file run.cif (mmCIF, C-alpha atoms)
data_input
#
loop_
_atom_site.label_atom_id
_atom_site.label_comp_id
_atom_site.auth_asym_id
_atom_site.auth_seq_id
_atom_site.Cartn_x
_atom_site.Cartn_y
_atom_site.Cartn_z
CA MET O 752 -102.99 97.93 -56.34
CA LEU O 753 -102.64 95.11 -58.82
CA LEU O 754 -98.87 95.49 -58.74
CA PHE O 755 -98.73 94.40 -55.11
CA GLY O 756 -101.70 92.02 -55.14
CA ARG O 757 -100.67 89.80 -58.03
CA LYS O 758 -97.41 88.61 -59.49
CA SER O 759 -96.42 90.11 -62.81
CA ASN O 760 -96.42 87.98 -65.97
CA ASN O 761 -92.62 87.95 -66.04
CA GLU O 762 -92.43 86.61 -62.51
CA GLN O 763 -95.04 83.97 -63.22
CA ASN O 764 -93.19 82.90 -66.38
CA ARG O 765 -89.93 82.67 -64.43
CA GLU O 766 -91.56 80.53 -61.76
CA VAL O 767 -93.09 78.18 -64.31
CA ARG O 768 -89.74 77.94 -66.10
CA LEU O 769 -87.92 77.13 -62.86
CA ARG O 770 -90.46 74.50 -61.94
CA LYS O 771 -89.88 72.81 -65.27
CA GLU O 772 -86.12 72.88 -64.79
CA PRO O 773 -85.15 70.77 -61.79
CA TYR O 774 -81.50 71.05 -62.79
CA LEU O 775 -81.53 74.80 -62.17
CA ILE O 776 -83.28 74.41 -58.81
CA ILE O 777 -80.72 71.82 -57.71
CA ASN O 778 -77.84 74.06 -58.84
CA ILE O 779 -79.21 77.08 -56.98
CA PHE O 780 -79.78 75.00 -53.86
CA PHE O 781 -76.28 73.54 -53.86
CA ALA O 782 -74.69 76.92 -54.50
CA GLY O 783 -76.58 78.15 -51.42
CA VAL O 784 -75.40 75.18 -49.33
CA ILE O 785 -71.78 75.75 -50.35
CA LEU O 786 -72.05 79.45 -49.52
CA LEU O 787 -73.43 78.45 -46.11
CA ILE O 788 -70.40 76.19 -45.56
CA PHE O 789 -68.08 79.08 -46.36
CA ALA O 790 -70.08 81.38 -44.08
CA TYR O 791 -69.82 78.75 -41.29
CA SER O 792 -66.05 78.67 -41.76
CA GLY O 793 -65.91 82.44 -41.67
CA ILE O 794 -68.19 82.96 -38.66
CA PHE O 795 -66.66 80.39 -36.31
CA SER O 796 -63.17 81.26 -35.23
CA PRO O 797 -60.26 78.80 -34.91
CA VAL O 798 -58.87 80.91 -32.04
CA ARG O 799 -62.03 80.77 -29.94
CA ASP O 800 -62.66 77.13 -30.92
CA ASN O 801 -66.43 77.59 -30.78
CA TYR O 802 -67.47 75.09 -33.44
CA PRO O 803 -70.93 73.64 -32.83
CA VAL O 804 -70.27 70.35 -34.67
CA ALA O 805 -68.34 67.82 -32.59
CA CYS O 806 -66.80 64.63 -33.94
CA ILE O 807 -69.16 61.75 -33.19
CA HIS O 808 -66.45 59.28 -34.09
CA GLU O 809 -64.17 60.66 -31.39
CA LYS O 810 -66.99 60.65 -28.85
CA LEU O 811 -67.77 57.01 -29.56
CA THR O 812 -64.25 55.63 -29.77
CA GLY O 813 -62.15 58.17 -27.88
CA GLU O 814 -59.83 58.33 -30.86
CA PRO O 815 -59.62 61.22 -33.37
CA CYS O 816 -60.70 60.29 -36.88
CA ILE O 817 -59.24 61.13 -40.28
CA SER O 818 -61.57 64.11 -40.74
CA CYS O 819 -60.99 65.70 -37.32
CA GLY O 820 -59.82 69.31 -37.59
CA LEU O 821 -61.62 69.90 -40.88
CA SER O 822 -63.66 72.84 -39.53
CA HIS O 823 -60.49 74.43 -38.14
CA SER O 824 -58.77 73.83 -41.44
CA PHE O 825 -61.61 75.46 -43.44
CA SER O 826 -61.67 78.48 -41.12
CA LEU O 827 -57.93 78.94 -41.50
CA ILE O 828 -58.10 78.60 -45.31
CA VAL O 829 -60.86 81.24 -45.44
CA ARG O 830 -58.56 83.52 -43.41
CA GLY O 831 -55.61 82.81 -45.73
CA ARG O 832 -53.53 80.81 -43.18
CA VAL O 833 -52.94 77.82 -45.43
CA ASP O 834 -49.86 76.42 -43.62
CA GLU O 835 -51.73 76.19 -40.32
CA ALA O 836 -54.71 74.69 -42.14
CA TYR O 837 -52.50 71.81 -43.33
CA GLN O 838 -51.44 71.17 -39.76
CA TRP O 839 -55.02 70.87 -38.56
CA ASN O 840 -56.05 68.50 -41.33
CA PRO O 841 -53.89 67.56 -44.31
CA TYR O 842 -56.98 66.89 -46.46
CA GLY O 843 -58.70 70.19 -45.62
CA MET O 844 -57.36 72.01 -48.65
CA ARG O 845 -58.50 69.46 -51.24
CA ILE O 846 -62.01 69.32 -49.74
CA PHE O 847 -62.17 73.10 -49.60
CA LEU O 848 -61.15 73.19 -53.27
CA PHE O 849 -63.89 70.66 -54.06
CA PHE O 850 -66.55 72.94 -52.57
CA ALA O 851 -65.04 76.02 -54.22
CA SER O 852 -64.94 74.27 -57.61
CA GLN O 853 -68.54 73.11 -57.16
CA LEU O 854 -69.65 76.68 -56.48
CA VAL O 855 -68.01 77.85 -59.69
CA LEU O 856 -69.33 74.85 -61.64
CA ARG O 857 -72.92 75.36 -60.42
CA ALA O 858 -72.86 78.94 -61.70
CA ALA O 859 -71.12 78.04 -64.98
CA PHE O 860 -73.34 75.05 -65.77
CA SER O 861 -76.51 77.00 -64.99
CA ILE O 862 -75.46 79.75 -67.44
CA PHE O 863 -74.62 77.16 -70.11
CA TYR O 864 -77.91 75.38 -69.46
CA LEU O 865 -79.89 78.53 -70.11
CA LYS O 866 -77.76 79.74 -73.02
CA TYR O 867 -77.59 76.50 -75.00
CA PRO O 868 -80.91 74.64 -74.65
CA ASP O 869 -79.99 72.13 -77.38
CA THR O 870 -77.11 70.62 -75.42
CA ARG O 871 -78.84 70.30 -72.05
CA ARG O 872 -78.77 66.52 -71.91
CA GLN O 873 -75.04 66.35 -72.70
CA LEU O 874 -74.39 69.14 -70.21
CA ILE O 875 -76.08 67.23 -67.38
CA ILE O 876 -74.13 64.06 -68.22
CA VAL O 877 -70.82 65.98 -68.29
CA ASP O 878 -71.75 67.63 -64.98
CA CYS O 879 -72.58 64.30 -63.31
CA PHE O 880 -69.35 62.60 -64.44
CA GLY O 881 -67.15 65.66 -63.87
CA SER O 882 -68.50 66.34 -60.38
CA GLY O 883 -68.26 62.64 -59.55
CA ILE O 884 -64.59 62.52 -60.53
CA ILE O 885 -63.78 65.72 -58.58
CA PHE O 886 -65.65 64.28 -55.59
CA LEU O 887 -63.65 61.04 -55.72
CA MET O 888 -60.37 62.95 -56.02
CA ALA O 889 -61.20 65.20 -53.08
CA PHE O 890 -62.69 62.60 -50.75
CA TRP O 891 -60.51 59.63 -51.72
CA PRO O 892 -58.63 59.41 -48.37
CA PHE O 893 -61.95 59.25 -46.50
CA ILE O 894 -63.41 56.68 -48.91
CA ALA O 895 -60.25 54.57 -48.62
CA ASN O 896 -60.54 54.80 -44.83
CA ILE O 897 -64.10 53.45 -44.95
CA GLY O 898 -62.95 50.67 -47.30
CA LYS O 899 -60.16 49.69 -44.90
CA GLY O 900 -62.59 49.74 -41.97
CA ILE O 901 -64.99 47.37 -43.72
CA LEU O 902 -62.23 45.04 -44.99
CA PHE O 903 -60.50 44.72 -41.61
CA ASN O 904 -63.79 43.96 -39.88
CA MET O 905 -64.75 41.15 -42.25
CA MET D 534 -104.28 60.91 -79.09
CA GLU D 535 -101.10 62.36 -77.59
CA GLU D 536 -100.15 61.01 -74.19
CA VAL D 537 -100.39 63.74 -71.57
CA LYS D 538 -97.53 63.80 -69.03
CA ASN D 539 -97.83 65.81 -65.82
CA ASN D 540 -95.20 66.67 -63.21
CA THR D 541 -96.66 64.84 -60.23
CA GLY D 542 -93.89 63.86 -57.82
CA GLN D 543 -91.36 66.13 -59.53
CA SER D 544 -90.99 68.45 -56.52
CA LEU D 545 -90.58 65.42 -54.27
CA GLY D 546 -87.98 64.12 -56.70
CA ILE D 547 -85.96 67.34 -56.53
CA ALA D 548 -86.15 67.36 -52.72
CA ALA D 549 -85.15 63.69 -52.60
CA LEU D 550 -82.18 64.21 -54.94
CA ILE D 551 -80.89 67.23 -53.01
CA THR D 552 -81.24 65.41 -49.68
CA ALA D 553 -79.64 62.29 -51.13
CA ILE D 554 -76.58 64.20 -52.43
CA ILE D 555 -76.17 65.92 -49.04
CA THR D 556 -76.43 62.48 -47.40
CA PHE D 557 -73.77 61.11 -49.72
CA VAL D 558 -71.29 63.93 -49.03
CA LEU D 559 -71.90 63.81 -45.25
CA ALA D 560 -71.68 60.01 -45.12
CA VAL D 561 -68.15 60.01 -46.51
CA ILE D 562 -66.85 62.35 -43.76
CA PRO D 563 -66.14 60.18 -40.68
CA CYS D 564 -66.84 62.98 -38.15
CA VAL D 565 -70.48 63.35 -39.24
CA GLY D 566 -70.88 60.11 -41.18
CA LEU D 567 -73.20 58.48 -38.69
CA ILE D 568 -75.55 61.51 -38.65
CA ALA D 569 -75.97 61.18 -42.42
CA ILE D 570 -78.38 58.31 -41.84
CA ILE D 571 -81.07 60.87 -40.88
CA PRO D 572 -81.14 62.79 -44.20
CA GLY D 573 -80.63 59.41 -45.86
CA ILE D 574 -83.90 58.08 -44.46
CA ILE D 575 -85.68 61.36 -45.34
CA ALA D 576 -84.41 61.11 -48.91
CA LEU D 577 -85.53 57.48 -49.15
CA VAL D 578 -89.03 58.35 -47.93
CA LEU D 579 -89.32 61.34 -50.30
CA ALA D 580 -88.13 59.30 -53.26
CA THR D 581 -90.45 56.38 -52.49
CA VAL D 582 -93.51 58.59 -52.04
CA GLY D 583 -92.61 60.54 -55.19
CA LEU D 584 -92.16 57.32 -57.16
CA SER D 585 -95.54 55.97 -56.10
CA GLN D 586 -97.21 59.26 -57.08
CA ALA D 587 -95.35 59.37 -60.38
CA SER D 588 -96.23 55.79 -61.29
CA ARG D 589 -99.92 56.50 -60.58
CA ASN D 590 -99.96 59.58 -62.83
CA ASN D 591 -97.52 58.38 -65.48
CA SER D 592 -95.12 61.28 -64.89
CA PRO D 593 -91.30 61.25 -65.45
CA ARG D 594 -89.32 59.31 -62.85
CA GLY D 595 -85.67 60.03 -63.72
CA VAL D 596 -84.97 62.45 -60.88
CA LEU D 597 -86.83 60.23 -58.39
CA ILE D 598 -84.87 57.12 -59.31
CA ALA D 599 -81.58 59.06 -59.18
CA GLY D 600 -82.52 60.37 -55.73
CA LEU D 601 -83.47 56.89 -54.53
CA ILE D 602 -80.23 55.28 -55.74
CA ILE D 603 -77.99 58.02 -54.28
CA ALA D 604 -79.95 57.89 -50.99
CA ILE D 605 -79.50 54.11 -50.74
CA ILE D 606 -75.74 54.34 -51.45
CA GLY D 607 -75.33 57.28 -49.04
CA SER D 608 -77.21 55.46 -46.26
CA MET D 609 -75.09 52.35 -46.81
CA ILE D 610 -71.88 54.39 -46.55
CA SER D 611 -73.26 56.06 -43.42
CA VAL D 612 -73.98 52.69 -41.81
CA SER D 613 -70.53 51.44 -42.81
CA GLN D 614 -68.99 54.20 -40.66
CA ILE D 615 -69.98 52.02 -37.70
CA PHE D 616 -67.47 49.43 -38.95
CA VAL D 617 -64.73 52.08 -39.07
CA ALA D 618 -65.61 53.19 -35.53
CA GLY D 619 -65.66 49.54 -34.45
CA LYS D 620 -62.19 48.94 -35.86
CA ILE D 621 -60.71 51.88 -33.94
CA ALA D 622 -62.57 50.86 -30.77
CA GLN D 623 -61.09 47.35 -31.06
CA LYS D 624 -57.59 48.79 -31.42
CA ALA D 625 -58.18 51.12 -28.50
CA ASP D 626 -59.26 48.12 -26.44
CA ARG D 627 -55.97 46.35 -27.11
CA TRP D 628 -53.77 49.35 -26.36
CA PRO D 629 -54.13 49.38 -22.55
CA ASN D 630 -52.93 45.74 -22.39
CA ASN D 631 -49.93 46.60 -24.59
CA ILE D 632 -49.04 49.61 -22.45
CA HIS D 633 -49.35 47.49 -19.29
CA ASN D 634 -46.94 44.89 -20.73
CA ILE D 635 -44.45 47.57 -21.79
CA ILE D 636 -44.47 49.15 -18.31
CA LYS D 637 -43.94 45.71 -16.73
CA ASP D 638 -40.96 45.04 -19.04
CA VAL D 639 -39.39 48.40 -18.18
CA GLN D 640 -39.90 47.76 -14.45
CA ASP D 641 -38.25 44.32 -14.72
CA ASN D 642 -35.29 45.77 -16.65
CA VAL D 643 -34.77 48.57 -14.11
CA THR D 644 -34.99 46.11 -11.18
CA LYS D 645 -32.37 43.88 -12.85
CA GLU D 646 -30.07 46.88 -13.43
CA ILE D 647 -30.39 48.05 -9.82
CA GLU D 648 -29.78 44.56 -8.39
CA ASP D 649 -26.11 44.77 -9.40
CA ALA D 650 -25.60 48.42 -8.51
CA ASN D 651 -24.32 50.48 -5.61
CA VAL D 652 -26.71 53.24 -4.62
CA SER D 653 -25.40 56.40 -2.98
CA ILE D 654 -27.75 59.06 -1.61
CA LYS D 655 -26.37 62.41 -0.40
CA VAL D 656 -28.55 64.91 1.47
CA GLU D 657 -27.19 68.44 2.16
CA SER D 658 -29.03 70.86 4.42
CA ASN D 659 -27.54 74.11 5.87
CA GLY D 660 -24.04 72.70 5.73
CA GLU D 661 -25.14 69.40 7.30
CA LYS D 662 -24.50 66.36 5.14
CA VAL D 663 -25.94 62.88 5.26
CA GLU D 664 -24.62 60.20 2.93
CA ILE D 665 -26.21 56.81 2.49
CA ASN D 666 -24.43 54.08 0.55
CA THR D 667 -26.05 50.76 -0.27
CA ASN D 668 -25.24 47.85 -2.49
CA SER D 669 -27.04 44.73 -3.56
CA ASN D 670 -26.22 42.97 -0.32
CA LYS D 671 -29.44 42.54 1.61
CA LYS D 672 -27.71 42.74 5.00
CA ASP D 673 -26.07 46.06 4.09
CA GLN D 674 -29.41 47.41 3.00
CA GLU D 675 -31.02 46.39 6.30
CA LYS D 676 -28.14 48.04 8.20
CA THR D 677 -28.58 51.23 6.25
CA LEU D 678 -32.26 51.22 7.02
CA GLU D 679 -31.53 50.74 10.72
CA ASN D 680 -29.09 53.66 10.61
CA LEU D 681 -31.72 55.81 8.98
CA GLU D 682 -34.29 54.84 11.59
CA GLY D 683 -31.71 55.58 14.30
CA GLY D 684 -32.01 59.30 13.61
CA LYS D 685 -29.03 60.05 11.41
CA THR D 686 -31.29 61.90 9.01
CA LEU D 687 -33.33 65.07 9.30
CA LYS D 688 -37.01 64.89 10.19
CA PRO D 689 -39.28 64.75 7.16
CA ASP D 690 -41.06 67.98 8.19
CA SER D 691 -37.85 69.98 8.35
CA ILE D 692 -36.75 68.59 4.99
CA GLN D 693 -39.95 69.77 3.35
CA LYS D 694 -39.67 73.28 4.84
CA ASN D 695 -36.01 73.81 3.90
CA ASP D 696 -35.58 74.99 0.32
CA SER D 697 -31.80 74.70 0.23
CA ILE D 698 -31.84 70.90 0.48
CA LYS D 699 -30.18 69.12 -2.43
CA LYS D 700 -30.54 65.47 -3.07
CA HIS D 701 -28.03 63.55 -5.10
CA VAL D 702 -28.83 60.05 -6.15
CA THR D 703 -26.20 58.24 -8.11
CA ILE D 704 -26.32 54.71 -9.33
CA ARG D 705 -22.93 53.13 -9.93
CA LYS D 706 -22.58 49.76 -11.52
CA LYS D 707 -20.61 47.12 -9.71
CA LYS D 708 -17.58 46.02 -11.66
#
call {"tool": "encode", "arguments": {"input": "run.cif", "output": "structure tokens"}}
result
Amino acid sequence: MLLFGRKSNNEQNREVRLRKEPYLIINIFFAGVILLIFAYSGIFSPVRDNYPVACIHEKLTGEPCISCGLSHSFSLIVRGRVDEAYQWNPYGMRIFLFFASQLVLRAAFSIFYLKYPDTRRQLIIVDCFGSGIIFLMAFWPFIANIGKGILFNM
Amino acid sequence: MEEVKNNTGQSLGIAALITAIITFVLAVIPCVGLIAIIPGIIALVLATVGLSQASRNNSPRGVLIAGLIIAIIGSMISVSQIFVAGKIAQKADRWPNNIHNIIKDVQDNVTKEIEDANVSIKVESNGEKVEINTNSNKKDQEKTLENLEGGKTLKPDSIQKNDSIKKHVTIRKKK
């Protein structure tokens, strides 16, 4: 009866440990979000064109934006049709690689975090800088586009 | 006495940081950039509430401040997407005028070309042939029109029904 009524000591310890480690919670959450993105790309088909997310930019201006075709591109990459993915959006591959690398990094950093408690602070700093640089590399065309938009409107 | 630190606001801090990072990533993508303002505001509220709780109970504020900063930057990027949309809308506004001017230029050029040309129209239907020749001379054109009205051509209805009709329009330049 007690087994079902109360949580075991191990489970309680794990919960307490997780609560004390926000880094691990954040890593787990982001890994889940990235997996959801991949699932979204896998579920929605580029042939049926049944993507629920429409481009707000295109609706407002009537012009396609730099990130249009990204969902198509992701779906095609997941299905191994890389050439077609490039045609839909030339930046699709680098953004897909960003998410894939983040999934691997979340798992790797979490393992290191648990294995080497003495270097946790350094690990978080390396993670922040490393992820930031990868983010900039992947999203640079979009960031540059925003920069141009602001500069030309000033 | 050792200072006791509790984790008040820590959960809010984690939620704020996660929401703020999602805001940041979404804000950079133009397709969904404007929507990112919603998680941005949520992250700002979470971080602010968490910070007030943390400051009351003297608990750590690192995660909360990180969440707040990223949320502010993400929201700013999201708002700046309006500028990008505005720029494209401005361009799109100018395009119809440009297209109108281009069409007008082409029309003028074609009219100039035709002014100096002889126009010959041949209509063949079941072995029957009608040939119309015109040049730039206004009188000749009027004469041709009169001839056409005089019944030298087939009726429009019979032309539409007959599939074997061929029309030849040639434009020859006057030398």
call {"tool": "resolve_selection", "arguments": {"input": "run.cif", "expression": "the PyMOL selection byres ((chain O and resi 789) around 10)", "output": "JSON, numbers by chain"}}
result
{"O": [783, 784, 785, 786, 787, 788, 790, 791, 792, 793, 794, 825, 826, 829, 847, 850, 851]}
call {"tool": "closest_residue", "arguments": {"input": "run.cif", "among": "O:Phe893, O:Phe860, O:Tyr837, O:Phe849", "to": "chain D", "atoms": "only C-alpha atoms"}}
result
O:Phe893
call {"tool": "atom_distance", "arguments": {"input": "run.cif", "atom1": "atom CA of Leu775 of chain O", "atom2": "atom CA of Leu856 of chain O"}}
result
12.2 Å
call {"tool": "closest_atom_pairs", "arguments": {"input": "run.cif", "of": "chain O", "to": "chain D", "cutoff": "10 Å", "atoms": "all atoms listed in the file", "output": "JSON lines"}}
result
{"residue": "O:Arg770", "atom": "CA", "partner": "D:Ser544", "partner_atom": "CA", "distance": 8.1}
{"residue": "O:Lys771", "atom": "CA", "partner": "D:Asn540", "partner_atom": "CA", "distance": 8.4}
{"residue": "O:Glu772", "atom": "CA", "partner": "D:Ile547", "partner_atom": "CA", "distance": 9.9}
{"residue": "O:Pro773", "atom": "CA", "partner": "D:Ile547", "partner_atom": "CA", "distance": 6.3}
{"residue": "O:Tyr774", "atom": "CA", "partner": "D:Ile547", "partner_atom": "CA", "distance": 8.5}
{"residue": "O:Ile776", "atom": "CA", "partner": "D:Ile547", "partner_atom": "CA", "distance": 7.9}
{"residue": "O:Ile777", "atom": "CA", "partner": "D:Ile551", "partner_atom": "CA", "distance": 6.6}
{"residue": "O:Asn778", "atom": "CA", "partner": "D:Ile551", "partner_atom": "CA", "distance": 9.5}
{"residue": "O:Phe780", "atom": "CA", "partner": "D:Ile551", "partner_atom": "CA", "distance": 7.9}
{"residue": "O:Phe781", "atom": "CA", "partner": "D:Ile551", "partner_atom": "CA", "distance": 7.9}
{"residue": "O:Val784", "atom": "CA", "partner": "D:Ile555", "partner_atom": "CA", "distance": 9.3}
{"residue": "O:Val804", "atom": "CA", "partner": "D:Val565", "partner_atom": "CA", "distance": 8.4}
{"residue": "O:Ala805", "atom": "CA", "partner": "D:Cys564", "partner_atom": "CA", "distance": 7.5}
{"residue": "O:Cys806", "atom": "CA", "partner": "D:Cys564", "partner_atom": "CA", "distance": 4.5}
{"residue": "O:Ile807", "atom": "CA", "partner": "D:Cys564", "partner_atom": "CA", "distance": 5.6}
{"residue": "O:His808", "atom": "CA", "partner": "D:Cys564", "partner_atom": "CA", "distance": 5.5}
{"residue": "O:Glu809", "atom": "CA", "partner": "D:Cys564", "partner_atom": "CA", "distance": 7.6}
{"residue": "O:Lys810", "atom": "CA", "partner": "D:Cys564", "partner_atom": "CA", "distance": 9.6}
{"residue": "O:Leu811", "atom": "CA", "partner": "D:Ala618", "partner_atom": "CA", "distance": 7.4}
{"residue": "O:Thr812", "atom": "CA", "partner": "D:Ala622", "partner_atom": "CA", "distance": 5.2}
{"residue": "O:Gly813", "atom": "CA", "partner": "D:Ala622", "partner_atom": "CA", "distance": 7.9}
{"residue": "O:Glu814", "atom": "CA", "partner": "D:Ile621", "partner_atom": "CA", "distance": 7.2}
{"residue": "O:Pro815", "atom": "CA", "partner": "D:Cys564", "partner_atom": "CA", "distance": 8.8}
{"residue": "O:Cys816", "atom": "CA", "partner": "D:Pro563", "partner_atom": "CA", "distance": 6.6}
{"residue": "O:Ile817", "atom": "CA", "partner": "D:Pro563", "partner_atom": "CA", "distance": 7.0}
{"residue": "O:Ser818", "atom": "CA", "partner": "D:Cys564", "partner_atom": "CA", "distance": 6.0}
{"residue": "O:Cys819", "atom": "CA", "partner": "D:Cys564", "partner_atom": "CA", "distance": 6.5}
{"residue": "O:Gly820", "atom": "CA", "partner": "D:Cys564", "partner_atom": "CA", "distance": 9.5}
{"residue": "O:Leu821", "atom": "CA", "partner": "D:Cys564", "partner_atom": "CA", "distance": 9.1}
{"residue": "O:Phe886", "atom": "CA", "partner": "D:Val558", "partner_atom": "CA", "distance": 8.7}
{"residue": "O:Phe890", "atom": "CA", "partner": "D:Val561", "partner_atom": "CA", "distance": 7.4}
{"residue": "O:Trp891", "atom": "CA", "partner": "D:Val561", "partner_atom": "CA", "distance": 9.3}
{"residue": "O:Pro892", "atom": "CA", "partner": "D:Val561", "partner_atom": "CA", "distance": 9.7}
{"residue": "O:Phe893", "atom": "CA", "partner": "D:Val561", "partner_atom": "CA", "distance": 6.2}
{"residue": "O:Ile894", "atom": "CA", "partner": "D:Val561", "partner_atom": "CA", "distance": 6.3}
{"residue": "O:Ala895", "atom": "CA", "partner": "D:Val561", "partner_atom": "CA", "distance": 9.8}
{"residue": "O:Asn896", "atom": "CA", "partner": "D:Val617", "partner_atom": "CA", "distance": 7.6}
{"residue": "O:Ile897", "atom": "CA", "partner": "D:Val617", "partner_atom": "CA", "distance": 6.1}
{"residue": "O:Gly898", "atom": "CA", "partner": "D:Val617", "partner_atom": "CA", "distance": 8.5}
{"residue": "O:Lys899", "atom": "CA", "partner": "D:Val617", "partner_atom": "CA", "distance": 7.8}
{"residue": "O:Gly900", "atom": "CA", "partner": "D:Val617", "partner_atom": "CA", "distance": 4.3}
{"residue": "O:Ile901", "atom": "CA", "partner": "D:Phe616", "partner_atom": "CA", "distance": 5.8}
{"residue": "O:Leu902", "atom": "CA", "partner": "D:Phe616", "partner_atom": "CA", "distance": 9.1}
{"residue": "O:Phe903", "atom": "CA", "partner": "D:Lys620", "partner_atom": "CA", "distance": 7.3}
{"residue": "O:Asn904", "atom": "CA", "partner": "D:Lys620", "partner_atom": "CA", "distance": 6.6}
{"residue": "O:Met905", "atom": "CA", "partner": "D:Phe616", "partner_atom": "CA", "distance": 9.3}
call {"tool": "write_last_selection", "arguments": {"input": "run.cif", "atoms": "C-alpha atoms", "output": "compact mmCIF listing (two decimals), in the frame of the given file"}}
result
# COMPACT_ATOMS: atom_id res chain seq x y z
CA ARG O 770 -90.46 74.50 -61.94
CA LYS O 771 -89.88 72.81 -65.27
CA GLU O 772 -86.12 72.88 -64.79
CA PRO O 773 -85.15 70.77 -61.79
CA TYR O 774 -81.50 71.05 -62.79
CA ILE O 776 -83.28 74.41 -58.81
CA ILE O 777 -80.72 71.82 -57.71
CA ASN O 778 -77.84 74.06 -58.84
CA PHE O 780 -79.78 75.00 -53.86
CA PHE O 781 -76.28 73.54 -53.86
CA VAL O 784 -75.40 75.18 -49.33
CA VAL O 804 -70.27 70.35 -34.67
CA ALA O 805 -68.34 67.82 -32.59
CA CYS O 806 -66.80 64.63 -33.94
CA ILE O 807 -69.16 61.75 -33.19
CA HIS O 808 -66.45 59.28 -34.09
CA GLU O 809 -64.17 60.66 -31.39
CA LYS O 810 -66.99 60.65 -28.85
CA LEU O 811 -67.77 57.01 -29.56
CA THR O 812 -64.25 55.63 -29.77
CA GLY O 813 -62.15 58.17 -27.88
CA GLU O 814 -59.83 58.33 -30.86
CA PRO O 815 -59.62 61.22 -33.37
CA CYS O 816 -60.70 60.29 -36.88
CA ILE O 817 -59.24 61.13 -40.28
CA SER O 818 -61.57 64.11 -40.74
CA CYS O 819 -60.99 65.70 -37.32
CA GLY O 820 -59.82 69.31 -37.59
CA LEU O 821 -61.62 69.90 -40.88
CA PHE O 886 -65.65 64.28 -55.59
CA PHE O 890 -62.69 62.60 -50.75
CA TRP O 891 -60.51 59.63 -51.72
CA PRO O 892 -58.63 59.41 -48.37
CA PHE O 893 -61.95 59.25 -46.50
CA ILE O 894 -63.41 56.68 -48.91
CA ALA O 895 -60.25 54.57 -48.62
CA ASN O 896 -60.54 54.80 -44.83
CA ILE O 897 -64.10 53.45 -44.95
CA GLY O 898 -62.95 50.67 -47.30
CA LYS O 899 -60.16 49.69 -44.90
CA GLY O 900 -62.59 49.74 -41.97
CA ILE O 901 -64.99 47.37 -43.72
CA LEU O 902 -62.23 45.04 -44.99
CA PHE O 903 -60.50 44.72 -41.61
CA ASN O 904 -63.79 43.96 -39.88
CA MET O 905 -64.75 41.15 -42.25
call {"tool": "atom_distance", "arguments": {"input": "run.cif", "atom1": "atom CA of Thr552 of chain D", "atom2": "atom CA of Pro868 of chain O"}}
result
26.6 Å
call {"tool": "atom_distance", "arguments": {"input": "run.cif", "atom1": "atom CA of Val612 of chain D", "atom2": "atom CA of Leu577 of chain D"}}
result
14.5 Å
call {"tool": "resolve_selection", "arguments": {"input": "run.cif", "expression": "the PyMOL selection byres ((chain D and resi 604) around 9)", "output": "ChimeraX atom specification"}}
result
/D:549-550,552-554,556-557,572-577,580,599-603,605-609
call {"tool": "resolve_selection", "arguments": {"input": "run.cif", "expression": "the PyMOL selection byres ((chain D and resi 542) around 6)", "output": "list in words"}}
result
Thr541, Gln543, Ser544, Leu545, Gly583, Gln586 and Ala587 of chain D
call {"tool": "residues_around", "arguments": {"input": "run.cif", "residues": "Glu835 of chain O", "least_positions_apart": "2", "cutoff": "12 Å", "atoms": "only C-alpha atoms", "output": "list of chain:residue names"}}
result
O:Pro797, O:Val798, O:Gly820, O:Leu821, O:His823, O:Ser824, O:Phe825, O:Ser826, O:Leu827, O:Ile828, O:Val829, O:Arg830, O:Gly831, O:Arg832, O:Val833, O:Tyr837, O:Gln838, O:Trp839, O:Asn840, O:Pro841, O:Gly843, O:Met844
